[in-house]
Structures are given as C-alpha cells and as structure tokens.
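K.L.:
mmCIF, N, CA and C atoms, saved as run_30.cif, coming up:
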data_start
loop_
_atom_site.label_atom_id
_atom_site.label_comp_id
_atom_site.auth_asym_id
_atom_site.auth_seq_id
_atom_site.Cartn_x
_atom_site.Cartn_y
_atom_site.Cartn_z
N MET A 1 0.83 -1.20 0.00
CA MET A 1 0.00 0.00 0.00
C MET A 1 0.87 1.26 0.00
N THR A 2 1.98 1.22 0.76
CA THR A 2 2.86 2.38 0.83
C THR A 2 3.46 2.71 -0.54
N THR A 3 3.85 1.66 -1.28
CA THR A 3 4.42 1.88 -2.61
C THR A 3 3.42 2.55 -3.52
N THR A 4 2.19 2.13 -3.47
CA THR A 4 1.14 2.74 -4.28
C THR A 4 0.94 4.19 -3.88
N ASN A 5 0.94 4.48 -2.59
CA ASN A 5 0.80 5.86 -2.11
C ASN A 5 1.98 6.71 -2.57
N ASN A 6 3.19 6.16 -2.51
CA ASN A 6 4.38 6.90 -2.96
C ASN A 6 4.31 7.19 -4.45
N ARG A 7 3.85 6.23 -5.22
CA ARG A 7 3.71 6.42 -6.66
C ARG A 7 2.70 7.52 -6.96
N GLN A 8 1.59 7.46 -6.27
CA GLN A 8 0.57 8.48 -6.47
C GLN A 8 1.09 9.85 -6.07
N GLN A 9 1.82 9.92 -4.95
CA GLN A 9 2.35 11.19 -4.48
C GLN A 9 3.39 11.75 -5.44
N ASP A 10 4.26 10.88 -5.98
CA ASP A 10 5.24 11.31 -6.98
C ASP A 10 4.54 11.95 -8.18
N PHE A 11 3.52 11.28 -8.67
CA PHE A 11 2.80 11.77 -9.83
C PHE A 11 2.10 13.09 -9.51
N ILE A 12 1.47 13.17 -8.34
CA ILE A 12 0.78 14.40 -7.93
C ILE A 12 1.75 15.55 -7.78
N ASP A 13 2.91 15.30 -7.19
CA ASP A 13 3.93 16.35 -7.01
C ASP A 13 4.40 16.90 -8.36
N VAL A 14 4.67 16.02 -9.30
CA VAL A 14 5.14 16.46 -10.61
C VAL A 14 4.03 17.22 -11.33
N GLN A 15 2.80 16.76 -11.23
CA GLN A 15 1.69 17.46 -11.86
C GLN A 15 1.50 18.85 -11.24
N ASP A 16 1.65 18.95 -9.94
CA ASP A 16 1.57 20.26 -9.27
C ASP A 16 2.64 21.21 -9.79
N ASP A 17 3.87 20.71 -9.92
CA ASP A 17 4.95 21.53 -10.47
C ASP A 17 4.63 21.96 -11.90
N PHE A 18 4.18 21.01 -12.70
CA PHE A 18 3.84 21.30 -14.09
C PHE A 18 2.77 22.39 -14.17
N ASN A 19 1.72 22.25 -13.38
CA ASN A 19 0.63 23.24 -13.38
C ASN A 19 1.10 24.61 -12.90
N ARG A 20 1.94 24.64 -11.87
CA ARG A 20 2.46 25.90 -11.33
C ARG A 20 3.31 26.61 -12.37
N LEU A 21 4.21 25.87 -13.00
CA LEU A 21 5.09 26.47 -14.00
C LEU A 21 4.31 26.97 -15.20
N LEU A 22 3.33 26.22 -15.62
CA LEU A 22 2.50 26.64 -16.74
C LEU A 22 1.73 27.91 -16.40
N ALA A 23 1.15 27.97 -15.21
CA ALA A 23 0.40 29.16 -14.79
C ALA A 23 1.30 30.39 -14.70
N GLN A 24 2.52 30.22 -14.18
CA GLN A 24 3.46 31.34 -14.08
C GLN A 24 3.81 31.87 -15.47
N THR A 25 4.07 30.97 -16.39
CA THR A 25 4.44 31.37 -17.74
C THR A 25 3.28 32.08 -18.43
N GLN A 26 2.10 31.52 -18.31
CA GLN A 26 0.92 32.15 -18.92
C GLN A 26 0.68 33.54 -18.32
N SER A 27 0.81 33.67 -17.01
CA SER A 27 0.58 34.96 -16.36
C SER A 27 1.57 36.01 -16.84
N LEU A 28 2.82 35.64 -16.98
CA LEU A 28 3.82 36.58 -17.45
C LEU A 28 3.54 37.00 -18.89
N LEU A 29 3.19 36.05 -19.73
CA LEU A 29 2.88 36.39 -21.12
C LEU A 29 1.65 37.28 -21.22
N ILE A 30 0.65 37.03 -20.40
CA ILE A 30 -0.54 37.89 -20.39
C ILE A 30 -0.16 39.30 -19.93
N ALA A 31 0.65 39.39 -18.88
CA ALA A 31 1.06 40.70 -18.37
C ALA A 31 1.86 41.49 -19.42
N LEU A 32 2.69 40.79 -20.16
CA LEU A 32 3.50 41.46 -21.18
C LEU A 32 2.68 41.90 -22.38
N THR A 33 1.71 41.10 -22.77
CA THR A 33 1.00 41.37 -24.01
C THR A 33 -0.29 42.17 -23.84
N ALA A 34 -0.86 42.20 -22.65
CA ALA A 34 -2.11 42.95 -22.44
C ALA A 34 -1.86 44.42 -22.71
N ASN A 35 -2.67 44.99 -23.55
CA ASN A 35 -2.56 46.41 -23.91
C ASN A 35 -1.15 46.79 -24.39
N ASP A 36 -0.47 45.84 -25.00
CA ASP A 36 0.89 46.08 -25.50
C ASP A 36 1.83 46.61 -24.41
N ASN A 37 1.72 46.07 -23.20
CA ASN A 37 2.56 46.51 -22.09
C ASN A 37 4.05 46.40 -22.38
N PHE A 38 4.43 45.43 -23.21
CA PHE A 38 5.85 45.26 -23.50
C PHE A 38 6.46 46.50 -24.17
N LYS A 39 5.64 47.30 -24.84
CA LYS A 39 6.14 48.49 -25.52
C LYS A 39 6.63 49.55 -24.53
N SER A 40 6.06 49.55 -23.33
CA SER A 40 6.45 50.56 -22.35
C SER A 40 7.59 50.11 -21.44
N LEU A 41 8.05 48.88 -21.59
CA LEU A 41 9.14 48.38 -20.76
C LEU A 41 10.49 48.80 -21.31
N LYS A 42 11.45 48.98 -20.42
CA LYS A 42 12.83 49.20 -20.84
C LYS A 42 13.34 47.90 -21.46
N LYS A 43 14.31 48.02 -22.34
CA LYS A 43 14.84 46.84 -23.02
C LYS A 43 15.36 45.80 -22.04
N ASP A 44 16.03 46.24 -20.98
CA ASP A 44 16.56 45.30 -19.99
C ASP A 44 15.43 44.55 -19.29
N SER A 45 14.37 45.26 -18.94
CA SER A 45 13.23 44.63 -18.27
C SER A 45 12.54 43.63 -19.18
N LEU A 46 12.39 43.98 -20.44
CA LEU A 46 11.77 43.08 -21.40
C LEU A 46 12.65 41.84 -21.62
N ALA A 47 13.95 42.06 -21.72
CA ALA A 47 14.87 40.93 -21.88
C ALA A 47 14.80 40.00 -20.67
N ASP A 48 14.73 40.57 -19.47
CA ASP A 48 14.61 39.75 -18.25
C ASP A 48 13.31 38.96 -18.25
N ALA A 49 12.22 39.59 -18.66
CA ALA A 49 10.93 38.91 -18.70
C ALA A 49 10.95 37.76 -19.71
N LEU A 50 11.54 38.00 -20.87
CA LEU A 50 11.63 36.95 -21.88
C LEU A 50 12.55 35.83 -21.42
N TRP A 51 13.62 36.18 -20.72
CA TRP A 51 14.50 35.14 -20.16
C TRP A 51 13.72 34.29 -19.17
N LEU A 52 12.87 34.92 -18.35
CA LEU A 52 12.05 34.19 -17.38
C LEU A 52 11.08 33.25 -18.09
N VAL A 53 10.49 33.70 -19.19
CA VAL A 53 9.60 32.84 -19.97
C VAL A 53 10.38 31.62 -20.47
N MET A 54 11.55 31.84 -21.03
CA MET A 54 12.36 30.72 -21.52
C MET A 54 12.75 29.77 -20.38
N ASP A 55 13.09 30.33 -19.23
CA ASP A 55 13.46 29.52 -18.08
C ASP A 55 12.27 28.65 -17.64
N ARG A 56 11.09 29.24 -17.59
CA ARG A 56 9.90 28.49 -17.19
C ARG A 56 9.55 27.43 -18.23
N LEU A 57 9.70 27.74 -19.52
CA LEU A 57 9.45 26.74 -20.56
C LEU A 57 10.41 25.56 -20.42
N ASP A 58 11.65 25.84 -20.09
CA ASP A 58 12.62 24.78 -19.85
C ASP A 58 12.19 23.93 -18.66
N ASP A 59 11.75 24.58 -17.58
CA ASP A 59 11.26 23.85 -16.39
C ASP A 59 10.03 23.01 -16.72
N ILE A 60 9.15 23.55 -17.57
CA ILE A 60 7.96 22.80 -17.99
C ILE A 60 8.38 21.54 -18.76
N GLY A 61 9.35 21.69 -19.64
CA GLY A 61 9.86 20.54 -20.38
C GLY A 61 10.43 19.48 -19.46
N LYS A 62 11.16 19.91 -18.44
CA LYS A 62 11.72 18.95 -17.47
C LYS A 62 10.62 18.27 -16.68
N ALA A 63 9.60 19.02 -16.26
CA ALA A 63 8.49 18.44 -15.51
C ALA A 63 7.73 17.44 -16.37
N TYR A 64 7.55 17.78 -17.64
CA TYR A 64 6.88 16.86 -18.56
C TYR A 64 7.68 15.57 -18.70
N GLN A 65 8.98 15.70 -18.90
CA GLN A 65 9.82 14.50 -19.04
C GLN A 65 9.79 13.68 -17.77
N GLN A 66 9.78 14.32 -16.62
CA GLN A 66 9.72 13.59 -15.36
C GLN A 66 8.39 12.85 -15.25
N THR A 67 7.30 13.46 -15.71
CA THR A 67 6.00 12.79 -15.72
C THR A 67 6.04 11.55 -16.61
N VAL A 68 6.61 11.71 -17.80
CA VAL A 68 6.72 10.58 -18.72
C VAL A 68 7.57 9.48 -18.09
N ASN A 69 8.68 9.85 -17.46
CA ASN A 69 9.55 8.86 -16.82
C ASN A 69 8.83 8.12 -15.71
N ILE A 70 8.08 8.83 -14.89
CA ILE A 70 7.33 8.19 -13.80
C ILE A 70 6.31 7.22 -14.38
N MET A 71 5.60 7.67 -15.41
CA MET A 71 4.58 6.80 -16.00
C MET A 71 5.21 5.56 -16.63
N ALA A 72 6.35 5.72 -17.30
CA ALA A 72 7.04 4.59 -17.91
C ALA A 72 7.59 3.66 -16.84
N TRP A 73 8.16 4.23 -15.81
CA TRP A 73 8.75 3.45 -14.72
C TRP A 73 7.68 2.66 -14.00
N ARG A 74 6.48 3.21 -13.95
CA ARG A 74 5.37 2.53 -13.27
C ARG A 74 4.63 1.58 -14.20
N GLY A 75 5.03 1.57 -15.49
CA GLY A 75 4.42 0.64 -16.43
C GLY A 75 3.16 1.15 -17.10
N PHE A 76 2.93 2.47 -17.06
CA PHE A 76 1.72 3.02 -17.66
C PHE A 76 1.87 3.29 -19.15
N ILE A 77 3.12 3.45 -19.61
CA ILE A 77 3.35 3.71 -21.03
C ILE A 77 4.50 2.85 -21.51
N ILE A 78 4.69 2.80 -22.81
CA ILE A 78 5.74 1.98 -23.41
C ILE A 78 7.10 2.59 -23.07
N PRO A 79 7.99 1.83 -22.45
CA PRO A 79 9.30 2.36 -22.04
C PRO A 79 10.19 2.82 -23.17
N SER A 80 9.97 2.39 -24.41
CA SER A 80 10.87 2.75 -25.50
C SER A 80 10.86 4.25 -25.81
N VAL A 81 9.85 4.98 -25.35
CA VAL A 81 9.80 6.42 -25.61
C VAL A 81 10.42 7.21 -24.48
N THR A 82 10.93 6.55 -23.46
CA THR A 82 11.52 7.22 -22.30
C THR A 82 12.85 6.57 -21.96
N SER A 83 13.50 7.14 -20.96
CA SER A 83 14.72 6.52 -20.49
C SER A 83 14.37 5.23 -19.74
N GLU A 84 15.35 4.34 -19.62
CA GLU A 84 15.10 3.08 -18.92
C GLU A 84 15.30 3.22 -17.43
N GLN A 85 15.67 4.37 -16.97
CA GLN A 85 15.89 4.59 -15.56
C GLN A 85 14.59 4.99 -14.89
N GLY A 86 14.61 5.00 -13.57
CA GLY A 86 13.45 5.46 -12.81
C GLY A 86 13.32 6.97 -12.93
N PRO A 87 12.35 7.55 -12.26
CA PRO A 87 12.15 8.99 -12.34
C PRO A 87 13.33 9.75 -11.77
N ASP A 88 13.56 10.94 -12.28
CA ASP A 88 14.66 11.80 -11.79
C ASP A 88 14.43 12.22 -10.37
#
Turn this file's structure into structure tokens for me.
P.N.:
Amino acid sequence: MTTTNNRQQDFIDVQDDFNRLLAQTQSLLIALTANDNFKSLKKDSLADALWLVMDRLDDIGKAYQQTVNIMAWRGFIIPSVTSEQGPD
C-alpha cells in the first residue's frame, strides 16, 4: 500500500509543479501582451521577462519529461519512448 501511495504522491507532485510552472508562464505572457505593455518596458526589463519565460518553458519541459519517466517506470506507457531509468 505504501508503494502505491508513494507512486501516487510522486505523480501528484510532478503534476503540481507542471501546473504551477505553466500558470506562471501564462501569467507573465498575459502581463506582457495585455494592452501592448511590452512596448512601455525598458529593453533590460523586457529581456529579463523573456529570459524568465524561456526559463519556465525549460522547467515545464523537465516536468513533462519527469512525468513521462514516472509513467514509464510505473508501467503506464511503453518504455521505448523514455529513459530506462526510474524517475529523476
């Protein structure tokens, strides 16, 4: 029973991270694009905001891969599309 609970908790934790990162990225993009707000930003501020978007997209990719790894490791999907190791 504990193993099942740990598996469920692993999956829930990764999904929470994925959802948080996605919401942060969407919020930043909305803030930048609403009423063309990016036009009033200094170049450095805009560059920092775009760097943050790229950083969050990278984190989303990692969270997605971790989800795929967990699912493959648990036998939910075909392992050939993922690494043969357990979740990161």
K.L.:
Report, in Å to a single decimal, how far apart atom C of Val14 (chain A) and atom N of Gly61 (chain A) are.
P.N.:
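Spanning atom N of Gly61 (chain A) to atom C of Val14 (chain A) is a straight-line distance of 10.8 Å.
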K.L.:
Hey, can you check how far CA of Ala34 (chain A) sits from CA of Leu52 (chain A)?
P.N.:
17.4 Å
K.L.:
Using only C-alpha atoms, which of the listed residues (A:Val53, A:Ile12, A:Ile60, A:Val68) sits closest to Leu32 (chain A)?
P.N.:
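Checking each candidate against Leu32 (chain A), we get A:Val53 as the closest.
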K.L.:
Could you state the separation of CA of Leu29 (chain A) and CA of Lys43 (chain A) in Å, given to one decimal place?
P.N.:
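Between CA of Leu29 (chain A) and CA of Lys43 (chain A) the gap works out to 16.0 Å.
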K.L.:
Taking only C-alpha atoms into account, which of A:Asp44, A:Asn35, A:Asn5, A:Asn19 comes nearest Thr67 (chain A)?
P.N.:
A:Asn19
K.L.:
Using only N, CA and C atoms, which residue out of A:Arg56, A:Ser45, A:Gln8, A:Ser40 lies closest to Leu22 (chain A)?
P.N.:
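Of the candidates, the smallest distance to Leu22 (chain A) is held by A:Arg56.
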K.L.:
Pick out the closest residue to Thr25 (chain A) from this set: A:Asn37, A:Asp10, A:Lys42, A:Trp51. Count only C-alpha atoms.
P.N.:
A:Trp51
K.L.:
I'd like to know which of A:Phe11, A:Leu28, A:Ala47, A:Asn6 is closest to Met71 (chain A), using all atoms listed in the file.
P.N.:
A:Phe11
